[in-house]
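K.L.:
The structure's right below; bear with me while I get my questions together.
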Amino acid sequence: MEQNEPERLSAAQAAAMRRSILSGRGALTRRSLLRASGVGALTVGGLSALTSCGIPPAKREGGTAAASDDHSAQEKQITFSNWTEYMDVSDDEKTHPTLEEFKKRTGITVDYTEDINDNVEFFGKIRPQLAAGQDIGRDLIVVTDWLAARIIRLGWAQKLDPANLPHAYANLIPQYRNPDWDPGRAHSYPWTGIDTVIAYNAKATGGKKVDSVTQLLDDPSLKGRVGFLTEMRDTVGMTLLDLGKDPATFTTADYDEAVGRLQKGVDKKQIRRFTGNDYTSDLDKGDLAACLAWAGDVIQLQAGNPDIQYAIPAAGYITSSDNLLVPAKARHKTNAEKLIDFYYEPAIAAQLAAFISYVCPVEGVKDELAKIDPALADNPLIVPDKAMAAKAHAFRSLSAEEETAYEEKFAKLIGS
């Protein structure tokens with residue numbers, strides 16, 4: 001996209017975001033089974049901010065926000081916006097132990113706010129100030145990779161100083177090091193990873209293991225009891241992998257082949273339905289025998305139902321991330337970088353991972369996590385082993401034209 005080109009969403013992109021927010025990964029509220037009713041509403045301001053008037057890029061050089069005045073040395077504070085239930089909490093639920101440790105160690109106070117319920121709604125709140133070149137009152141935010149990519153592309157994220165990030169630079173696991181939307185992690189670091197796997201109810205399958213998209217689409221014993229996701233990147237990405245295609249480099253012809261493969265599953269009624277995170281109740285009850293699922297949900301389901309199993313396909317799986325960014329004009333960039341780096345210390349990362357149960361992006365966390373809970377340390381859905389990490393694939397960034405065309409085709413497939 002040209003720097004002076006306003007960014008708009010097509011009707012297809014807007015519809016995809018509505019699906020994500022109302023039932024998809026945008027609604028995959030952190031620790032979702034504990035707070036299933038906590039999905040943020042799609043506000044008029046949120047979606048209209050993305051779909052109506054164009055978004056003017058901020059002044060920048062090479063896609064990076066102009067450096068702002070950093071008051072970190074004089075003001076020992078940070079304002080940090082995050083998703084709900086995405087931070088460790090003390091037993092009495094009054095404090096966040098890792099944030100208290102950071103303050104004790106550095107003297108920097110963190111004003112921590114759980115004010116992100118979905119990406120679109122949050123972006124709608126901060127977009128006008130970012131577009132006007134103003135401080136949004138936050139030094140650190142956590143957003144999903146597609147929105148992180150958009151914020152970086154618009155020049156609304158500050159470039160991070162590697163000198164302030166020695167642990168982050170050294171300990172970021174390889175699979176998250178070089179996304180095509182932020183090469184070399186110049187502007188971002190992952191807070192957590194989000195993996196798409198195959199989940200199945202062993203009771204509903206009669207004990208049969210389900211471990212490939214081919215099996216989901218072709219096994220007659222599963223007919224009418226298979227679920228795929230309403231998130232295009234996850235469903236098409238997993239199907240591309242099953243077809244031997246690379247989600248990082250696929251062509252439009254490859255995409256069309258994957259959609260055609262899924263359409264056959266719809267036509268012969270192999271696929272019961274396309275779901276958001278509401279697949280969890282159907283899988284738990286056995287109404288869905290097998291489906292694509294998000295790893296964080298699988299861990300939570302397994303805690304209450306020993307019949308819930310998962311598989312990593314031999315062809316690989318799709319991974320994405322929620323990411324830490326320092327917005328343009330943030331007053332305390334250096335302090336924010338110190339906090340990012342703090343969470344890349346393995347002992348601190350282990351405390352966080354033990355609470356939120358999502359993929360930890362920190363190398364060396366396994367030994368520290370074992371001191372807290374050996375079962376969590378041995379769970380590859382939280383700490384990917386080398387074999388699992390080798391199978392991780394990211395869905396490549398799309399141009400505006402591709403995203404419009406692909407979402408239109410996907411919407412037709414799922415009947416949306």
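Scheme for the structure tokens: letters A, B, ... for chains in order shown; per-chain residue numbers from 1; ligand numbers from 1 in order shown.
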For Asp139 of chain A, find every residue with an atom within 12 Å (counting only C-alpha atoms), except residues of its own chain fewer than 4 positions away, and show them as a count of residues only.

P.N.:
34

K.L.:
Would you pick out the contacts of Ala350 of chain A at 7 Å or less, using only C-alpha atoms, so that residues sharing its chain but fewer than 3 positions from it are not included, and give the list as a ChimeraX atom specification?

P.N.:
/A:346-347,353-354,365,368-369

K.L.:
Write the residues of the preceding selection, restricted to N, CA, C and O atoms, as a PDB file, in the first residue's frame.

P.N.:
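Once written, part31.pdb looks like this:
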ATOM      1  N   PRO A 346      12.712 -15.919  31.493  1.00  0.00           N
ATOM      2  CA  PRO A 346      11.996 -17.199  31.604  1.00  0.00           C
ATOM      3  C   PRO A 346      11.206 -17.375  32.897  1.00  0.00           C
ATOM      4  O   PRO A 346      10.079 -17.902  32.856  1.00  0.00           O
ATOM      5  N   ALA A 347      11.736 -16.946  34.030  1.00  0.00           N
ATOM      6  CA  ALA A 347      11.013 -17.132  35.295  1.00  0.00           C
ATOM      7  C   ALA A 347       9.724 -16.315  35.321  1.00  0.00           C
ATOM      8  O   ALA A 347       8.686 -16.779  35.825  1.00  0.00           O
ATOM      9  N   ALA A 353       2.567 -17.756  31.901  1.00  0.00           N
ATOM     10  CA  ALA A 353       2.068 -18.907  31.150  1.00  0.00           C
ATOM     11  C   ALA A 353       1.257 -19.842  32.042  1.00  0.00           C
ATOM     12  O   ALA A 353       0.257 -20.420  31.609  1.00  0.00           O
ATOM     13  N   ALA A 354       1.674 -19.991  33.293  1.00  0.00           N
ATOM     14  CA  ALA A 354       0.959 -20.873  34.214  1.00  0.00           C
ATOM     15  C   ALA A 354      -0.453 -20.380  34.473  1.00  0.00           C
ATOM     16  O   ALA A 354      -1.360 -21.178  34.744  1.00  0.00           O
ATOM     17  N   VAL A 365      11.585 -21.266  28.926  1.00  0.00           N
ATOM     18  CA  VAL A 365      10.519 -21.193  29.931  1.00  0.00           C
ATOM     19  C   VAL A 365      10.194 -22.565  30.532  1.00  0.00           C
ATOM     20  O   VAL A 365       9.676 -22.651  31.654  1.00  0.00           O
ATOM     21  N   GLU A 368      11.529 -23.371  34.062  1.00  0.00           N
ATOM     22  CA  GLU A 368      10.920 -22.509  35.069  1.00  0.00           C
ATOM     23  C   GLU A 368       9.458 -22.879  35.295  1.00  0.00           C
ATOM     24  O   GLU A 368       8.968 -22.854  36.422  1.00  0.00           O
ATOM     25  N   LEU A 369       8.759 -23.230  34.222  1.00  0.00           N
ATOM     26  CA  LEU A 369       7.358 -23.610  34.346  1.00  0.00           C
ATOM     27  C   LEU A 369       7.218 -24.932  35.102  1.00  0.00           C
ATOM     28  O   LEU A 369       6.245 -25.134  35.843  1.00  0.00           O
TER      29      LEU A 369
END

K.L.:
Tell me which protein, DNA and RNA residues are within 10 Å of Cys360 of chain A, counting only C-alpha atoms, leaving out same-chain ones fewer than 2 positions away, and put them as an NGL selection string.

P.N.:
:A and (172-173 or 190-194 or 344 or 346 or 349-350 or 352-354 or 356-358 or 362-363 or 365-366 or 380-384)

K.L.:
Could you save those same residues with N, CA and C atoms as an mmCIF file, in the first residue's frame?

P.N.:
data_model
loop_
_atom_site.group_PDB
_atom_site.id
_atom_site.type_symbol
_atom_site.label_atom_id
_atom_site.label_comp_id
_atom_site.auth_asym_id
_atom_site.auth_seq_id
_atom_site.Cartn_x
_atom_site.Cartn_y
_atom_site.Cartn_z
ATOM 1 N N LEU A 172 13.213 -14.884 22.333
ATOM 2 C CA LEU A 172 12.046 -15.113 21.477
ATOM 3 C C LEU A 172 12.250 -16.400 20.688
ATOM 4 N N ILE A 173 11.258 -17.306 20.758
ATOM 5 C CA ILE A 173 11.420 -18.587 20.078
ATOM 6 C C ILE A 173 11.392 -18.381 18.565
ATOM 7 N N PRO A 190 5.719 -10.799 20.587
ATOM 8 C CA PRO A 190 4.514 -11.547 20.952
ATOM 9 C C PRO A 190 4.269 -11.547 22.461
ATOM 10 N N TRP A 191 3.014 -11.395 22.827
ATOM 11 C CA TRP A 191 2.591 -11.619 24.203
ATOM 12 C C TRP A 191 2.280 -13.107 24.391
ATOM 13 N N THR A 192 1.522 -13.665 23.467
ATOM 14 C CA THR A 192 1.250 -15.105 23.446
ATOM 15 C C THR A 192 1.088 -15.551 22.002
ATOM 16 N N GLY A 193 1.176 -16.856 21.807
ATOM 17 C CA GLY A 193 0.859 -17.447 20.517
ATOM 18 C C GLY A 193 -0.523 -18.075 20.543
ATOM 19 N N ILE A 194 -1.146 -18.182 19.363
ATOM 20 C CA ILE A 194 -2.472 -18.795 19.219
ATOM 21 C C ILE A 194 -2.356 -19.857 18.121
ATOM 22 N N TYR A 344 10.136 -11.381 29.000
ATOM 23 C CA TYR A 344 10.936 -12.360 28.273
ATOM 24 C C TYR A 344 12.015 -12.989 29.142
ATOM 25 N N PRO A 346 12.712 -15.919 31.493
ATOM 26 C CA PRO A 346 11.996 -17.199 31.604
ATOM 27 C C PRO A 346 11.206 -17.375 32.897
ATOM 28 N N ALA A 349 8.108 -15.204 32.541
ATOM 29 C CA ALA A 349 7.255 -15.774 31.495
ATOM 30 C C ALA A 349 6.529 -17.016 31.996
ATOM 31 N N ALA A 350 7.193 -17.795 32.840
ATOM 32 C CA ALA A 350 6.572 -19.006 33.383
ATOM 33 C C ALA A 350 5.393 -18.668 34.280
ATOM 34 N N LEU A 352 3.456 -16.094 34.034
ATOM 35 C CA LEU A 352 2.357 -15.683 33.162
ATOM 36 C C LEU A 352 1.729 -16.883 32.464
ATOM 37 N N ALA A 353 2.567 -17.756 31.901
ATOM 38 C CA ALA A 353 2.068 -18.907 31.150
ATOM 39 C C ALA A 353 1.257 -19.842 32.042
ATOM 40 N N ALA A 354 1.674 -19.991 33.293
ATOM 41 C CA ALA A 354 0.959 -20.873 34.214
ATOM 42 C C ALA A 354 -0.453 -20.380 34.473
ATOM 43 N N ILE A 356 -2.330 -18.107 32.214
ATOM 44 C CA ILE A 356 -3.199 -17.890 31.058
ATOM 45 C C ILE A 356 -3.293 -19.097 30.131
ATOM 46 N N SER A 357 -2.339 -20.037 30.208
ATOM 47 C CA SER A 357 -2.414 -21.300 29.452
ATOM 48 C C SER A 357 -2.454 -21.117 27.944
ATOM 49 N N TYR A 358 -1.739 -20.146 27.437
ATOM 50 C CA TYR A 358 -1.578 -19.992 25.990
ATOM 51 C C TYR A 358 -0.125 -20.236 25.612
ATOM 52 N N VAL A 362 8.560 -17.644 24.795
ATOM 53 C CA VAL A 362 9.853 -17.398 25.428
ATOM 54 C C VAL A 362 10.687 -18.675 25.505
ATOM 55 N N GLU A 363 11.862 -18.629 24.903
ATOM 56 C CA GLU A 363 12.811 -19.734 24.981
ATOM 57 C C GLU A 363 13.280 -19.899 26.419
ATOM 58 N N VAL A 365 11.585 -21.266 28.926
ATOM 59 C CA VAL A 365 10.519 -21.193 29.931
ATOM 60 C C VAL A 365 10.194 -22.565 30.532
ATOM 61 N N LYS A 366 10.515 -23.627 29.824
ATOM 62 C CA LYS A 366 10.082 -24.963 30.248
ATOM 63 C C LYS A 366 10.574 -25.317 31.650
ATOM 64 N N PRO A 380 2.835 -29.375 25.052
ATOM 65 C CA PRO A 380 3.342 -28.651 23.880
ATOM 66 C C PRO A 380 2.403 -27.569 23.367
ATOM 67 N N LEU A 381 1.164 -27.546 23.859
ATOM 68 C CA LEU A 381 0.264 -26.458 23.482
ATOM 69 C C LEU A 381 0.611 -25.173 24.225
ATOM 70 N N ILE A 382 1.427 -25.284 25.262
ATOM 71 C CA ILE A 382 1.903 -24.108 25.990
ATOM 72 C C ILE A 382 3.380 -23.877 25.702
ATOM 73 N N VAL A 383 4.168 -24.952 25.749
ATOM 74 C CA VAL A 383 5.606 -24.883 25.453
ATOM 75 C C VAL A 383 5.878 -25.806 24.271
ATOM 76 N N PRO A 384 5.840 -25.300 23.061
ATOM 77 C CA PRO A 384 6.044 -26.162 21.893
ATOM 78 C C PRO A 384 7.418 -26.839 21.934
#

K.L.:
Skip Pro162 of chain A itself and residues of its chain fewer than 6 positions away, then list as a list in words all residues within 9 Å of it, counting only C-alpha atoms.

P.N.:
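Once the nearby chain positions are removed, what remains is Ala168, Tyr169, Ala186 and Glu337 of chain A.
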
K.L.:
Name all residues at most 9 Å from Lys209 of chain A (count only C-alpha atoms; drop same-chain ones fewer than 5 positions away) and give them as a list in words.

P.N.:
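Selected residues are Tyr200, Ala202, Gln309, Tyr310 and Ala311 of chain A.
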
K.L.:
I need the residues from that last selection saved to file as a short mmCIF file (atom, residue, chain, number, x, y, z; two decimals), in the first residue's frame (with C-alpha atoms), if you can.

P.N.:
data_model
loop_
_atom_site.label_atom_id
_atom_site.label_comp_id
_atom_site.auth_asym_id
_atom_site.auth_seq_id
_atom_site.Cartn_x
_atom_site.Cartn_y
_atom_site.Cartn_z
CA TYR A 200 -11.71 -34.57 18.83
CA ALA A 202 -12.62 -39.75 21.76
CA GLN A 309 -7.98 -35.02 22.71
CA TYR A 310 -5.99 -33.10 20.14
CA ALA A 311 -3.64 -33.82 17.25
#
